[in-house]
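Raw my_file_12.txt, compact mmCIF, C-alpha atoms:
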# COMPACT_ATOMS: atom_id res chain seq x y z
CA MET A 49 -30.02 -119.12 47.70
CA LYS A 50 -31.68 -116.35 49.73
CA ARG A 51 -29.97 -115.03 52.84
CA ALA A 52 -32.65 -116.50 55.10
CA GLY A 53 -32.04 -119.91 53.54
CA VAL A 54 -28.30 -119.53 54.10
CA LEU A 55 -28.82 -118.76 57.81
CA LEU A 56 -31.15 -121.73 58.32
CA SER A 57 -28.77 -124.03 56.46
CA LEU A 58 -25.86 -122.80 58.58
CA ALA A 59 -27.84 -123.34 61.79
CA ALA A 60 -28.69 -126.89 60.66
CA VAL A 61 -25.04 -127.65 59.88
CA LEU A 62 -23.89 -126.31 63.26
CA SER A 63 -26.58 -128.30 65.06
CA ALA A 64 -25.45 -131.48 63.31
CA ALA A 65 -21.81 -130.73 64.18
CA ALA A 66 -22.71 -130.11 67.83
CA TYR A 67 -24.55 -133.45 67.99
CA LEU A 68 -21.85 -135.48 66.24
CA MET A 69 -18.83 -133.86 67.85
CA GLY A 70 -20.36 -133.01 71.20
CA SER A 71 -19.33 -129.37 70.81
CA PRO A 72 -21.16 -126.89 73.11
CA ALA A 73 -19.73 -123.95 71.13
CA ALA A 74 -21.32 -125.17 67.89
CA ALA A 75 -24.63 -125.68 69.69
CA LEU A 76 -24.53 -122.14 71.12
CA MET A 77 -23.78 -120.72 67.68
CA ALA A 78 -26.69 -122.62 66.17
CA VAL A 79 -29.03 -121.38 68.91
CA GLY A 80 -27.78 -117.81 68.41
CA ILE A 81 -28.40 -117.92 64.65
CA MET A 82 -31.91 -119.33 65.14
CA ALA A 83 -32.68 -116.69 67.77
CA HIS A 84 -31.45 -113.94 65.45
CA TYR A 85 -33.60 -115.34 62.63
CA ALA A 86 -36.68 -115.61 64.86
CA LEU A 87 -36.34 -112.05 66.19
CA ALA A 88 -35.80 -110.66 62.69
CA ARG A 89 -38.82 -112.57 61.41
CA LEU A 90 -41.08 -111.39 64.24
CA SER A 91 -40.01 -107.77 63.81
CA PHE A 92 -40.59 -107.81 60.04
CA GLU A 93 -44.10 -106.40 59.72
CA PRO A 94 -43.85 -103.78 56.96
CA SER A 95 -46.65 -101.60 55.71
CA VAL A 96 -46.03 -99.61 52.55
CA ARG A 97 -48.36 -97.55 50.39
CA VAL A 98 -47.38 -96.93 46.76
CA GLU A 99 -49.42 -94.73 44.40
CA ARG A 100 -48.60 -93.96 40.78
CA THR A 101 -50.09 -91.26 38.60
CA VAL A 102 -49.55 -91.40 34.85
CA PRO A 103 -50.20 -88.74 32.19
CA GLU A 104 -53.43 -89.03 30.24
CA ARG A 105 -51.74 -88.99 26.84
CA GLY A 106 -48.56 -90.29 25.30
CA THR A 107 -46.94 -91.26 22.02
CA GLU A 108 -45.96 -94.77 21.00
CA ARG A 109 -42.32 -95.63 21.86
CA GLU A 110 -41.66 -92.14 23.23
CA PRO A 111 -40.86 -91.75 26.97
CA VAL A 112 -43.29 -90.09 29.37
CA LYS A 113 -42.91 -89.30 33.07
CA ALA A 114 -45.01 -90.94 35.81
CA ARG A 115 -45.17 -89.64 39.40
CA ILE A 116 -44.94 -92.16 42.25
CA LYS A 117 -45.80 -91.44 45.90
CA VAL A 118 -44.23 -93.85 48.43
CA GLU A 119 -45.04 -94.00 52.18
CA ASN A 120 -43.51 -96.28 54.79
CA LEU A 121 -46.31 -96.71 57.36
CA SER A 122 -44.37 -99.11 59.58
CA GLY A 123 -41.34 -99.04 61.83
CA VAL A 124 -39.29 -101.29 59.55
CA THR A 125 -36.29 -100.02 57.61
CA GLY A 126 -35.66 -101.47 54.21
CA VAL A 127 -35.45 -101.18 50.43
CA LEU A 128 -38.47 -100.78 48.16
CA ARG A 129 -38.33 -101.99 44.56
CA ILE A 130 -40.99 -101.09 41.99
CA ARG A 131 -41.16 -103.09 38.76
CA GLU A 132 -43.50 -102.87 35.76
CA THR A 133 -45.60 -105.98 35.01
CA SER A 134 -47.64 -104.71 32.06
CA LYS A 135 -46.48 -105.70 28.56
CA SER A 136 -48.01 -102.52 27.14
CA VAL A 137 -45.17 -100.35 28.46
CA PHE A 138 -41.47 -100.61 29.25
CA ALA A 139 -40.04 -99.16 32.47
CA ARG A 140 -36.84 -99.86 34.39
CA GLU A 141 -37.06 -101.07 37.97
CA LEU A 142 -37.01 -98.31 40.59
CA LYS A 143 -35.19 -98.75 43.92
CA THR A 144 -35.35 -96.53 46.99
CA PHE A 145 -34.30 -96.83 50.68
CA LEU A 146 -37.03 -96.17 53.25
CA ASN A 147 -36.71 -95.37 56.92
CA PRO A 148 -39.70 -95.73 59.27
CA GLY A 149 -42.32 -93.06 58.47
CA ASP A 150 -40.60 -91.91 55.27
CA LYS A 151 -42.68 -90.30 52.52
CA LYS A 152 -41.07 -89.87 49.09
CA TYR A 153 -42.04 -88.71 45.61
CA LEU A 154 -40.32 -90.51 42.76
CA GLU A 155 -40.28 -89.93 39.02
CA GLN A 156 -40.42 -92.89 36.65
CA THR A 157 -39.77 -92.95 32.90
CA ILE A 158 -42.30 -95.06 30.98
CA VAL A 159 -42.05 -96.00 27.29
CA PRO A 160 -45.42 -97.10 25.78
CA GLN A 161 -45.10 -100.12 23.46
CA ALA A 162 -48.65 -100.18 22.07
CA LYS A 163 -51.22 -97.76 20.66
CA GLY A 164 -54.70 -97.06 21.97
CA ARG A 165 -56.14 -96.96 25.47
CA ILE A 166 -53.82 -98.91 27.78
CA ALA A 167 -53.91 -99.70 31.49
CA ILE A 168 -50.57 -100.18 33.18
CA LYS A 169 -49.76 -102.26 36.24
CA ALA A 170 -46.79 -102.52 38.58
CA GLU A 171 -45.73 -104.40 41.71
CA ALA A 172 -43.74 -103.21 44.73
CA THR A 173 -41.50 -105.40 46.88
CA PHE A 174 -40.23 -104.32 50.31
CA GLU A 175 -37.06 -106.00 51.59
CA ASP A 176 -35.58 -105.57 55.07
CA GLU A 177 -32.15 -103.96 55.32
CA ARG A 178 -30.47 -107.30 56.09
CA GLY A 179 -31.90 -108.84 52.93
CA LEU A 180 -33.60 -111.67 54.86
CA PHE A 181 -37.30 -111.13 54.20
CA LYS A 182 -39.47 -109.69 51.47
CA LYS A 183 -43.10 -108.73 51.11
CA ASP A 184 -45.04 -107.69 47.98
CA PHE A 185 -47.44 -104.76 47.88
CA PRO A 186 -49.83 -103.61 45.13
CA VAL A 187 -49.24 -100.33 43.35
CA ILE A 188 -52.32 -98.13 43.36
CA GLU A 189 -52.73 -96.82 39.81
CA HIS A 190 -54.37 -93.49 39.03
CA GLY A 191 -55.60 -93.07 35.47
CA GLU A 192 -55.17 -94.82 32.12
CA MET A 193 -53.11 -93.64 29.17
CA THR A 194 -54.21 -92.91 25.62
CA ILE A 195 -51.27 -93.68 23.35
CA PHE A 196 -51.14 -92.13 19.90
CA PRO A 197 -49.09 -93.54 16.99
CA SER A 198 -45.71 -91.94 16.49
CA PRO A 199 -44.89 -90.06 13.26
CA ARG A 200 -42.37 -92.81 12.45
CA SER A 201 -44.97 -95.62 12.71
CA ILE A 202 -47.39 -93.58 10.57
CA LYS A 203 -44.73 -93.20 7.88
CA GLU A 204 -43.96 -96.93 8.02
CA ALA A 205 -47.65 -97.77 7.71
CA MET A 206 -47.98 -95.47 4.71
CA ARG A 207 -44.92 -97.08 3.13
CA GLU A 208 -46.41 -100.56 3.71
CA ARG A 209 -49.68 -99.52 2.09
CA ARG A 210 -47.78 -98.44 -1.00
CA GLN A 211 -46.04 -101.80 -1.24
CA VAL A 212 -47.37 -104.15 -3.89
CA GLU A 213 -49.45 -106.99 -2.46
CA ALA A 214 -48.06 -110.51 -2.88
CA LEU A 215 -50.74 -111.67 -5.32
CA ALA A 216 -50.38 -108.70 -7.64
CA GLU A 217 -46.60 -109.13 -7.59
CA VAL A 218 -46.97 -112.80 -8.53
CA GLU A 219 -49.24 -111.90 -11.42
CA ARG A 220 -46.91 -109.20 -12.71
CA ALA A 221 -43.83 -111.42 -12.29
CA LEU A 222 -45.45 -114.11 -14.41
CA GLY A 223 -46.95 -111.67 -16.90
CA ILE A 224 -50.20 -113.59 -16.83
CA GLY A 225 -52.59 -112.58 -19.58
CA ALA A 226 -52.00 -108.97 -20.54
CA GLU A 227 -55.20 -106.93 -20.47
CA THR A 228 -56.92 -105.93 -23.68
CA LEU A 229 -59.08 -102.84 -24.24
CA ASP A 230 -62.27 -104.95 -24.20
CA PHE A 231 -64.33 -104.18 -21.10
CA GLU A 232 -65.59 -107.31 -19.30
CA GLU A 233 -67.25 -106.44 -15.97
CA LEU A 234 -67.39 -104.36 -12.81
CA ARG A 235 -66.58 -106.07 -9.52
CA GLU A 236 -65.53 -105.31 -5.97
CA PHE A 237 -61.92 -104.29 -5.35
CA LEU A 238 -59.64 -107.09 -4.16
CA PRO A 239 -56.19 -106.70 -2.57
CA GLY A 240 -53.68 -106.69 -5.41
CA ASP A 241 -55.97 -104.91 -7.90
CA ASP A 242 -54.59 -101.91 -9.76
CA ILE A 243 -55.98 -98.78 -8.06
CA THR A 244 -55.98 -96.97 -11.39
CA LYS A 245 -58.79 -99.33 -12.50
CA ILE A 246 -61.17 -98.10 -9.76
CA ASP A 247 -64.51 -96.88 -11.13
CA TRP A 248 -65.20 -93.91 -8.86
CA LYS A 249 -68.78 -93.35 -10.04
CA ALA A 250 -69.76 -96.93 -9.25
CA THR A 251 -67.80 -96.72 -6.01
CA SER A 252 -69.71 -93.64 -4.81
CA ARG A 253 -73.03 -95.17 -5.87
CA LEU A 254 -72.50 -98.53 -4.11
CA ASN A 255 -70.43 -97.17 -1.21
CA THR A 256 -67.70 -99.78 -1.75
CA LEU A 257 -64.62 -99.87 -3.96
CA ILE A 258 -65.47 -101.07 -7.50
CA VAL A 259 -62.93 -101.77 -10.26
CA ARG A 260 -63.24 -102.13 -14.03
CA VAL A 261 -62.11 -105.53 -15.37
CA PHE A 262 -60.86 -105.96 -18.94
CA ARG A 263 -60.48 -109.17 -20.91
CA ARG A 264 -57.10 -110.84 -20.90
CA GLU A 265 -55.27 -112.24 -23.87
CA SER A 266 -54.31 -115.61 -22.40
CA LEU A 267 -55.92 -118.19 -20.16
CA ALA A 268 -52.98 -120.55 -19.81
CA ASP A 269 -52.88 -123.16 -17.06
CA VAL A 270 -51.54 -122.11 -13.66
CA TYR A 271 -49.59 -124.66 -11.64
CA LEU A 272 -49.11 -124.40 -7.88
CA LEU A 273 -46.10 -126.46 -6.84
CA VAL A 274 -46.33 -126.75 -3.04
CA ASN A 275 -43.71 -128.23 -0.74
CA VAL A 276 -45.38 -130.38 1.95
CA ASP A 277 -42.17 -131.86 3.40
CA ARG A 278 -41.89 -132.13 7.21
CA LYS A 279 -38.87 -129.79 7.30
CA PHE A 280 -40.86 -127.14 5.47
CA ARG A 281 -43.79 -127.51 7.89
CA ARG A 282 -41.80 -127.11 11.09
CA GLU A 283 -42.87 -124.21 13.30
CA LEU A 284 -42.19 -123.19 16.90
CA LYS A 285 -45.68 -121.74 17.29
CA ALA A 286 -48.81 -122.09 15.18
CA GLY A 287 -48.69 -119.54 12.39
CA LYS A 288 -46.62 -120.49 9.37
CA ILE A 289 -48.78 -123.41 8.21
CA ASP A 290 -51.94 -121.37 8.81
CA TYR A 291 -50.42 -118.71 6.59
CA LEU A 292 -49.51 -121.23 3.87
CA VAL A 293 -53.06 -122.63 3.86
CA LEU A 294 -54.45 -119.10 3.47
CA ILE A 295 -52.06 -118.02 0.74
CA ILE A 296 -52.62 -121.22 -1.28
CA ALA A 297 -56.39 -120.78 -1.01
CA GLN A 298 -56.02 -117.13 -2.06
CA LEU A 299 -53.89 -118.00 -5.08
CA PHE A 300 -56.34 -120.70 -6.15
CA THR A 301 -59.33 -118.35 -5.86
CA TYR A 302 -57.52 -115.42 -7.46
CA PHE A 303 -56.56 -117.23 -10.67
CA ARG A 304 -59.76 -119.25 -10.95
CA ARG A 305 -61.59 -115.92 -10.87
CA PHE A 306 -59.92 -114.93 -14.16
CA GLY A 307 -60.80 -118.25 -15.80
CA HIS A 308 -57.44 -120.01 -15.43
CA SER A 309 -57.29 -123.76 -14.88
CA VAL A 310 -55.36 -124.26 -11.62
CA LYS A 311 -53.49 -127.50 -10.99
CA VAL A 312 -51.70 -128.27 -7.73
CA VAL A 313 -48.66 -130.53 -7.36
CA ALA A 314 -47.69 -131.33 -3.75
CA TYR A 315 -44.16 -132.66 -3.27
CA ASP A 316 -41.66 -133.44 -0.56
CA GLU A 317 -37.87 -133.83 -0.56
CA ALA A 318 -38.02 -137.21 -2.34
CA GLY A 319 -40.78 -136.84 -4.92
CA ILE A 320 -44.39 -136.04 -5.76
CA VAL A 321 -46.91 -136.65 -2.97
CA ARG A 322 -50.16 -135.67 -4.68
CA VAL A 323 -51.49 -134.07 -7.86
CA ILE A 324 -54.81 -132.19 -7.65
CA GLU A 325 -56.31 -131.20 -11.00
CA ASN A 326 -60.02 -130.73 -10.50
CA ALA A 327 -60.52 -129.00 -7.15
CA SER A 328 -63.86 -127.22 -7.19
CA ASP A 329 -63.18 -124.70 -4.42
CA PRO A 330 -60.34 -123.60 -2.11
CA LEU A 331 -61.72 -125.49 0.90
CA THR A 332 -61.66 -128.77 -1.02
CA LEU A 333 -58.13 -128.01 -2.24
CA VAL A 334 -56.84 -127.25 1.26
CA SER A 335 -58.52 -130.37 2.62
CA GLU A 336 -56.94 -132.59 -0.04
CA LEU A 337 -53.48 -131.11 0.58
CA GLY A 338 -53.81 -131.91 4.29
CA LEU A 339 -51.15 -129.42 5.44
CA ARG A 340 -50.35 -129.84 9.13
CA GLY A 341 -47.78 -128.06 11.25
CA GLU A 342 -44.79 -129.93 12.66
CA LYS A 343 -43.45 -129.06 16.11
CA GLY A 344 -39.81 -128.07 16.08
CA LEU A 345 -37.33 -125.40 15.11
CA PRO A 346 -37.45 -124.67 11.36
CA PRO A 347 -34.05 -124.79 9.61
CA LEU A 348 -32.83 -121.17 9.78
CA LYS A 349 -29.39 -121.75 8.26
CA PRO A 350 -29.76 -122.23 4.47
CA SER A 351 -28.24 -125.13 2.57
CA GLY A 352 -25.33 -124.44 0.25
CA LEU A 353 -25.40 -124.22 -3.52
CA SER A 354 -22.42 -126.53 -4.04
CA SER A 355 -22.91 -130.06 -5.38
CA PRO A 356 -22.95 -132.89 -2.80
CA SER A 357 -20.10 -135.37 -2.66
CA THR A 358 -20.24 -138.77 -4.35
CA ILE A 359 -21.31 -140.41 -1.10
CA GLY A 360 -23.85 -137.66 -0.53
CA ARG A 361 -25.34 -138.18 -3.99
CA LEU A 362 -25.54 -141.93 -3.35
CA VAL A 363 -27.34 -141.39 -0.03
CA LEU A 364 -29.81 -138.97 -1.64
CA LYS A 365 -30.47 -141.41 -4.48
CA MET A 366 -31.20 -144.17 -1.99
CA LYS A 367 -33.60 -141.93 -0.06
CA ARG A 368 -35.42 -140.62 -3.14
CA GLY A 369 -35.36 -143.74 -5.27
CA SER A 370 -33.82 -141.74 -8.11
CA SER A 371 -31.36 -138.92 -8.65
CA ALA A 372 -34.16 -136.37 -9.12
CA SER A 373 -35.41 -134.39 -6.11
CA GLY A 374 -38.99 -133.50 -5.21
CA PRO A 375 -38.86 -129.96 -6.67
CA LEU A 376 -37.36 -131.31 -9.91
CA LYS A 377 -39.99 -134.05 -10.24
CA ALA A 378 -42.74 -131.50 -9.61
CA ALA A 379 -41.33 -129.27 -12.35
CA MET A 380 -41.40 -132.23 -14.76
CA GLU A 381 -45.18 -132.52 -14.19
CA VAL A 382 -45.79 -129.03 -15.61
CA GLU A 383 -47.02 -128.74 -19.19
CA SER A 384 -45.19 -126.52 -21.66
CA GLY A 385 -46.14 -122.85 -21.75
CA ALA A 386 -47.85 -122.84 -18.33
CA TYR A 387 -47.54 -120.36 -15.50
CA VAL A 388 -45.90 -121.81 -12.37
CA ILE A 389 -45.95 -120.64 -8.76
CA MET A 390 -43.68 -122.58 -6.43
CA VAL A 391 -44.46 -122.28 -2.70
CA ASP A 392 -41.25 -123.38 -1.01
CA ASP A 393 -38.43 -122.39 1.34
CA LEU A 394 -35.40 -121.73 -0.86
CA GLY A 395 -33.15 -122.19 2.16
CA LEU A 396 -33.95 -125.92 2.29
CA HIS A 397 -32.68 -126.81 -1.20
CA PRO A 398 -31.65 -123.79 -3.30
CA ARG A 399 -29.71 -125.96 -5.73
CA GLU A 400 -32.78 -128.13 -6.45
CA ILE A 401 -34.96 -125.06 -6.96
CA ILE A 402 -32.46 -123.74 -9.51
CA LYS A 403 -32.59 -127.10 -11.32
CA ALA A 404 -36.40 -127.01 -11.32
CA ALA A 405 -36.33 -123.43 -12.67
CA GLY A 406 -34.05 -124.60 -15.50
CA VAL A 407 -36.49 -127.38 -16.45
CA LEU A 408 -39.42 -124.94 -16.45
CA GLU A 409 -37.49 -122.46 -18.59
CA ARG A 410 -36.76 -125.17 -21.17
CA LYS A 411 -40.47 -125.97 -21.24
CA GLY A 412 -41.28 -122.34 -22.01
CA SER A 413 -43.10 -121.91 -18.68
CA LYS A 414 -42.92 -118.72 -16.67
CA ALA A 415 -42.14 -119.42 -13.01
CA VAL A 416 -42.01 -117.53 -9.72
CA LEU A 417 -41.04 -118.72 -6.23
CA LEU A 418 -43.24 -117.64 -3.34
CA TYR A 419 -40.79 -117.87 -0.44
CA PRO A 420 -42.16 -117.85 3.15
CA ASN A 421 -39.02 -116.89 5.07
CA PRO A 422 -39.10 -118.90 8.35
CA VAL A 423 -37.15 -116.13 10.11
CA PHE A 424 -40.21 -113.88 9.76
CA PHE A 425 -42.42 -116.48 11.49
CA VAL A 426 -40.25 -116.88 14.61
CA SER A 427 -41.57 -114.92 17.59
CA LYS A 428 -38.91 -112.49 18.83
CA GLU A 429 -40.40 -112.28 22.35
CA GLY A 430 -38.37 -113.89 25.11
CA LEU A 431 -35.32 -114.58 22.94
CA THR A 432 -31.89 -114.20 24.49
CA GLU A 433 -29.19 -112.04 22.94
CA ARG A 434 -27.45 -115.16 21.65
CA GLU A 435 -30.66 -116.52 20.08
CA LEU A 436 -31.31 -113.16 18.41
CA GLU A 437 -27.77 -113.19 17.05
CA THR A 438 -28.34 -116.70 15.61
CA LEU A 439 -31.62 -115.54 14.08
CA TYR A 440 -29.97 -112.51 12.50
CA ARG A 441 -27.10 -114.61 11.13
CA GLY A 442 -29.59 -116.99 9.53
CA TYR A 443 -31.44 -114.02 8.02
CA ARG A 444 -28.24 -112.61 6.51
CA GLU A 445 -27.20 -115.98 5.07
CA ARG A 446 -30.64 -116.51 3.58
CA LYS A 447 -30.52 -113.08 1.96
CA GLU A 448 -27.25 -114.01 0.28
CA VAL A 449 -28.68 -117.32 -1.02
CA MET A 450 -31.82 -115.53 -2.25
CA ARG A 451 -29.66 -113.06 -4.18
CA LYS A 452 -28.01 -115.97 -6.04
CA VAL A 453 -31.26 -117.89 -6.66
CA ARG A 454 -32.88 -114.77 -8.12
CA GLY A 455 -30.56 -115.12 -11.10
CA TRP A 456 -32.54 -118.21 -12.09
CA ILE A 457 -36.11 -117.59 -10.90
CA LYS A 458 -38.14 -114.63 -9.68
CA VAL A 459 -38.32 -114.83 -5.85
CA ILE A 460 -41.05 -113.15 -3.79
CA GLU A 461 -40.19 -113.20 -0.09
CA VAL A 462 -43.28 -113.14 2.13
CA GLY A 463 -44.05 -113.13 5.85
CA PRO A 464 -47.12 -113.25 8.11
CA ARG A 465 -47.97 -109.61 7.34
CA ASP A 466 -48.56 -110.49 3.69
CA VAL A 467 -51.76 -112.39 4.49
CA LEU A 468 -54.68 -110.62 2.80
CA PRO A 469 -57.47 -110.73 5.38
CA ARG A 470 -60.14 -109.27 3.11
CA VAL A 471 -59.59 -111.96 0.47
CA VAL A 472 -59.58 -114.71 3.11
CA GLY A 473 -62.85 -113.41 4.49
CA ARG A 474 -64.51 -113.94 1.12
CA LEU A 475 -63.30 -117.49 0.50
This structure in structure tokens:
Amino acid sequence: MKRAGVLLSLAAVLSAAAYLMGSPAAALMAVGIMAHYALARLSFEPSVRVERTVPERGTEREPVKARIKVENLSGVTGVLRIRETSKSVFARELKTFLNPGDKKYLEQTIVPQAKGRIAIKAEATFEDERGLFKKDFPVIEHGEMTIFPSPRSIKEAMRERRQVEALAEVERALGIGAETLDFEELREFLPGDDITKIDWKATSRLNTLIVRVFRRESLADVYLLVNVDRKFRRELKAGKIDYLVLIIAQLFTYFRRFGHSVKVVAYDEAGIVRVIENASDPLTLVSELGLRGEKGLPPLKPSGLSSPSTIGRLVLKMKRGSSASGPLKAAMEVESGAYVIMVDDLGLHPREIIKAAGVLERKGSKAVLLYPNPVFFVSKEGLTERELETLYRGYRERKEVMRKVRGWIKVIEVGPRDVLPRVVGRL
């Protein structure tokens, strides 16, 4: 409770005591407190001018100095607090004591959090020396800042560009159709294409990246096994399901482009939900899958690899209708010698994914797990230290489970940054 509220509450209590007990002393005290409050309130008429000048240039996440001019234009003594309200920069709150007529120059350290041309904004609050009343004042800003990327962020961006895109990694993990020496066509470069296949003459002529495409030895069927269970679709904010829709559409388009027959098996925890064999285009496929986000916290802590108890197995059998899980039933739908891409969260049922991988191996099918890690899709803004600790613990535990699952199936961990915008734009 604020100090003014405490005084008013105390005056009310004393007034009630004076009335009930007939105490003149309590009544006088109540009147004195109210008089003190009224006089303090009437005398609190502050006028403060705050101006801030920032440097024209800065570097991302590197501190710069801003100059602040503060003037107390009133006869009120108090404390001035200046706090940053812009999300583009980080700055600690400044605090200074002002006497009537004071003029001060302060220095503030600002850490830019974004690149480009940014405008910053702050607020000033003047509080009387008794801590009873406050009044907000605007901060007059002089100039905008141009923030350049730091050498560290440039190096990270370069390292990310060198990373293999998710689609190319899937193709290489499965070993789909090794290329022959027979030339097939020229086409535009797509994310995931081998940069060594770029035809520079055609690129310079058409002013867009062109690659040479060679015939492949095999056109085996490609199966997309997609988990559509409610647990898998949980998300705190819209994002994960949008990503899954995009990546499934990309995979479908990518492999259909090379002449593969793509079949989709949607499953949940208990069994197969839908089998799509003859989708004509990615939009039809996405529509038939009907993926929708579920509000709620996604399971961050992974399940264990140990076998459930007898009672646990009985409960699961009653829920599923059989002893086989959804991932296992989906694996049984795959024909021998096919290429399989599972889109699932290994943290939900790592033991069942290992079983499904064993079935696919016995069928002579090459499989890979595309694993959207839910930790990557949780917004880190506004989280408390305890929540961040829980998030990090879940991340570490999932890494350990992924290390064990990788002994049975190739795992490709992906996050929201792995969306390929250029491919999506062409769907």
Quick one: which stretch 376-415 of chain A residues come within 12 Å of stretch 346-349 of chain A, and what is the nearest atom pair for each with the distance in Å to one decimal, counting all atoms listed in the file, rows ordered by chain and ascending number, as JSON lines?
{"residue": "A:Asp393", "atom": "CA", "partner": "A:Pro347", "partner_atom": "CA", "distance": 9.7}
{"residue": "A:Leu394", "atom": "CA", "partner": "A:Lys349", "partner_atom": "CA", "distance": 10.9}
{"residue": "A:Gly395", "atom": "CA", "partner": "A:Lys349", "partner_atom": "CA", "distance": 7.2}
{"residue": "A:Leu396", "atom": "CA", "partner": "A:Pro347", "partner_atom": "CA", "distance": 7.4}
{"residue": "A:His397", "atom": "CA", "partner": "A:Pro347", "partner_atom": "CA", "distance": 11.1}
{"residue": "A:Pro398", "atom": "CA", "partner": "A:Lys349", "partner_atom": "CA", "distance": 12.0}
| field | Who sits within 9 Å of A:Gly126, all atoms listed in the file, same chain under 4 positions skipped, as a ChimeraX atom specification | value | /A:94,144-148,174-179
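With distances restricted to only C-alpha atoms, A:Ile457 is the closest residue to A:Glu409 from A:Arg441, A:Ser351, A:Leu234, A:Ile457.
Among the candidates A:Glu445, A:Ser91, A:Glu104, A:Asp150, the residue lying nearest to A:Asn120 is A:Asp150 (atoms considered: only C-alpha atoms).
In this structure, atom CA of A:Thr432 sits 23.6 Å away from atom CA of A:Ala170.
The residue that comes closest to A:Val259, out of A:Arg399, A:Ile243, A:Lys311, A:Leu273 and on the basis of all atoms listed in the file, is A:Ile243.
With distances restricted to all atoms listed in the file, A:Ile195 is the closest residue to A:Gln161 from A:Leu339, A:Leu417, A:Val187, A:Ile195.
Taking atom CA of A:Pro160 as the reference point, atom CA of A:Gly106 is found at 7.5 Å.
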